[in-house]
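A.B. asks: Okay, here's the structure, questions in a sec.
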Number of protein chains: 2
Amino acid sequence: MRPMEQGQGQEPKRGQGPGALVIVGGGEDRPGEILETFVRLAGGDRARVVVMTAASDAPVDLERQYCEAFRQLGAAEISCLRTAHRHDAESPGVVEAIERATAVFLTGGSQQNLIDRLRGTPAHEALRRRHVEGLVIGGTSAGASAMSETMLVSGTSEDDPYAGCAELGPGLSLLPGAIVDQHFTQRGRIGSLLSALAERPDLVGLGIAEDTALVVSGRRFDVIGSGSVTVLDAASLSHCRRVTHHKKEALALCGVLLHSLPTGLRVRS
Amino acid sequence: MRPMEQGQGQEPKRGQGPGALVIVGGGEDRPGEILETFVRLAGGDRARVVVMTAASDAPVDLERQYCEAFRQLGAAEISCLRTAHRHDAESPGVVEAIERATAVFLTGGSQQNLIDRLRGTPAHEALRRRHVEGLVIGGTSAGASAMSETMLVSGTSEDDPYAGCAELGPGLSLLPGAIVDQHFTQRGRIGSLLSALAERPDLVGLGIAEDTALVVSGRRFDVIGSGSVTVLDAASLSHCRRVTHHKKEALALCGVLLHSLPTGLRVRS
């Protein structure tokens with residue numbers, strides 16, 4: 001990983017490989033720098049944005065907020081897909097909307113809802129196929145966690161690492177090689193992400209603070225918003241062991257590499 | 001650093017070099033495993049324990065709680081030194097009590113109080129001299145932070161690292177080479193400790209969870225209690241930079257080594 005100078009570089013052009021992923025730690029300003037970047041990557045005044053509230057059991061307010069924000073930011077078309085049930089994500093109308101979109105935004109809620117309602121459906125397949133072709137995908141909170149291949153289904157807050165405190169499951173497989181947690185700084189989630197890495201040290205842990213996003217464009221990573229992205233790299237764990245203590249299995253982890261990347265920082269892998 | 005097998009090794013004998021330091025992250029059970037270990041290290045039923053409430057502005061309750069706990073744990077003698085003003089720490093009676101003690105326990109409160117009232121006084125000099133000769137010193141919360149040479153005077157919670165979020169000052173200089181933070185896990189203090197290390201990458205950051213203690217005996221480190229000690233080693237920072245964003249100077253830190261050491265783990269340096 002190589003940190004680069006701060007600055008406003010060229011945005012990647014659409015149609016050149018996979019679209020950008022805008023992975024948001026929740027609680028972003030609406031509108032604000034993060035959603036503005038999302039709309040710009042999606043084509044600005046030519047953007048056709050689809051808001052998907054599959055993670056949420058209370059989608060009405062979210063749809064209203066995001067539609068209003070994207071309208072203010074000048075997107076050309078905005079539509080909402082309320083896939084509250086799996087069969088919604090199987091309908092040709094939903095697939096067609098994704099096919100037409102330049103960007104899809106996954107709202108917060110429960111990442112398990114998102115997986116239960118989308119994973120393996122024609123809508124999910126359309127998302128993956130179109131992403132490879134250039135579709136920009138944003139996700140906040142649950143929508144951020146769900147982007148990885150192996151997903152942090154749930155974790156605890158303000159806890160030291162212990163076996164079982166992070167539940168893992170399959171995600172939407174848009175972001176390979178990483179596992180994402182959100183509301184990371186504000187909820188004290190490092191113990192939970194470390195516990196996940198103890199099980200999967202082959203993955204890079206990405207802990208994203210609120211009102212902060214990691215923008216992944218090919219091999220380029222930009223941090224935007226107001227906070228930092230914490231990167232935990234457990235590839236060189238020198239010691240990883242369970243220590244039974246009373247009824248809990250605490251985890252000993254030695255040699256995790258930590259990077260704290262604030263907004264404005266750019267990294268190339 | 002070399003993690004060792006879990007187990008109950010031999011306690012270091014008194015009179016062989018400096019006494020043990022029992023560095024407690026606050027909120028410890030009273031009595032409980034940590035205070036029990038402290039009394040055992042102090043000589044068990046021959047322990048002469050002095051409780052110092054210099055950090056606190058409300059010492060009465062603390063004195064009652066700790067005296068009761070140490071009594072239950074079988075210490076031979078327990079006395080309280082209420083050095084609420086600097087001149088108290090200059091009195092021959094206070095120095096004499098420290099000279100007679102086998103162990104001193106520093107309660108919580110404000111670490112700046114502790115420094116203002118003790119640092120550079122005859123009581124502080126007695127503590128340092130007797131510690132080198134074998135005096136066991138315990139400290140919890142503010143009493144833990146104050147043990148280091150460079151002390152974290154104050155920091156923020158649930159924040160990403162930024163310049164100025166950790167205030168540093170001189171401590172009691174009992175523990176060289178490290179900087180201690182407490183209530184670490186429960187208050188989300190890693191951003192604050194990382195900010196301190198950005199200023200002083202030569203120091204090792206020790207983040208101690210509540211009801212958890214790091215017991216330092218010569219070159220041996222044991223974690224006891226119910227949580228973990230997070231060790232942050234910034235010696236090999238590959239990149240450390242301020243990133244101005246709005247009015248805040250966020251800190252970029254790359255290559256901090258993180259170890260999470262749960263209770264029962266022993267390390268030799």
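To be explicit about the labels: the chains of the structure tokens are called A, B, and onward in the order shown, and within each one the residues are counted from 1, while ligands get numbers from 1 in the order they are shown.
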If we count only C-alpha atoms, what is near Leu194 (chain B) at a cut-off of 8 Å, once residues fewer than 2 positions away on the same chain are taken out, given as a ChimeraX atom specification?

C.D. replies: /B:161,190-192,196-198,205,232

A.B. asks: Running DSSP on the backbone, which parts of region 76-223 of chain B land in strand (DSSP E or B), as number ranges by chain?

C.D. replies: B: 77-81, 103-106, 136-140, 148, 150-154, 162, 167-170, 175, 178-182, 204-208, 212-217, 220-223

A.B. asks: Specify as a ChimeraX atom specification all residues of chain B found within 10 Å of chain A, counting only C-alpha atoms.

C.D. replies: /B:1-3,5-6,157-162,184-191,194,209,225-234,237-246,248-265

A.B. asks: Have a look at B:Asp222, B:Gly177, B:Val216, B:Glu33 and name the one nearest to Pro201 (chain B); count only C-alpha atoms.

C.D. replies: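 Ranked by minimum distance to Pro201 (chain B), first place goes to B:Gly177.
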
A.B. asks: Give me, as a list of chain:residue names, all polymer residues having an atom no more than 8 Å from region 167-171 of chain B, counting only C-alpha atoms and skipping those fewer than 3 positions away in the same chain.

C.D. replies: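 The filter keeps B:Ile115, B:Arg119, B:Ser145, B:Ala146, B:Met147, B:Ser148, B:Glu149, B:Thr150, B:Met151, B:Leu152, B:Val153, B:Ser154, B:Gly155, B:Gly164, B:Ala196.
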
A.B. asks: Would you save the residues of that selection, restricted to C-alpha atoms, as a short mmCIF file (atom, residue, chain, number, x, y, z; two decimals), in the first residue's frame?

C.D. replies:
```cif
data_model
loop_
_atom_site.label_atom_id
_atom_site.label_comp_id
_atom_site.auth_asym_id
_atom_site.auth_seq_id
_atom_site.Cartn_x
_atom_site.Cartn_y
_atom_site.Cartn_z
CA ILE B 115 0.74 15.07 38.98
CA ARG B 119 5.21 15.16 41.07
CA SER B 145 -2.08 6.78 33.25
CA ALA B 146 0.16 8.64 35.69
CA MET B 147 2.69 5.79 35.90
CA SER B 148 4.39 6.58 32.61
CA GLU B 149 7.13 9.13 32.05
CA THR B 150 5.17 10.91 29.33
CA MET B 151 1.55 10.89 30.37
CA LEU B 152 -1.67 11.11 28.40
CA VAL B 153 -3.16 14.06 30.29
CA SER B 154 -6.43 13.88 28.41
CA GLY B 155 -7.82 12.49 25.19
CA GLY B 164 -4.22 17.91 19.37
CA ALA B 196 -0.34 10.49 21.10
#
```

A.B. asks: Apply DSSP to the structure's backbone, then extract all residues of region 136-182 of chain B labelled alpha helix (DSSP H) and return them as a list in words.

C.D. replies: Ala142, Gly143, Ala144 and Ser145 of chain B

A.B. asks: When you count only C-alpha atoms, which of these residues is closest to Leu214 (chain B): B:Gly25, B:Gly17, B:Gly74, B:Gly134?

C.D. replies: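 The shortest atom-to-atom distance to Leu214 (chain B) comes from B:Gly25.
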
A.B. asks: Pick from B:Ser56, B:Thr102, B:Asn113, B:Ser173: nearest to Glu125 (chain B), with only C-alpha atoms counted?

C.D. replies: B:Ser173

A.B. asks: Quick one: pull the distance between CA of Glu90 (chain A) and CA of Ala144 (chain A), Å, one decimal.

C.D. replies: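 Distance between the two atoms: 22.2 Å.
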
A.B. asks: So which residues touch Val215 (chain B) within 9 Å, counting only C-alpha atoms, skipping near sequence neighbours fewer than 4 positions away, as a ChimeraX atom specification?

C.D. replies: /B:20-24,38,138,220-224

A.B. asks: Interatomic distance between CA of Val180 (chain A) and CA of Leu206 (chain A)?

C.D. replies: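 Interatomic distance here is 4.8 Å.
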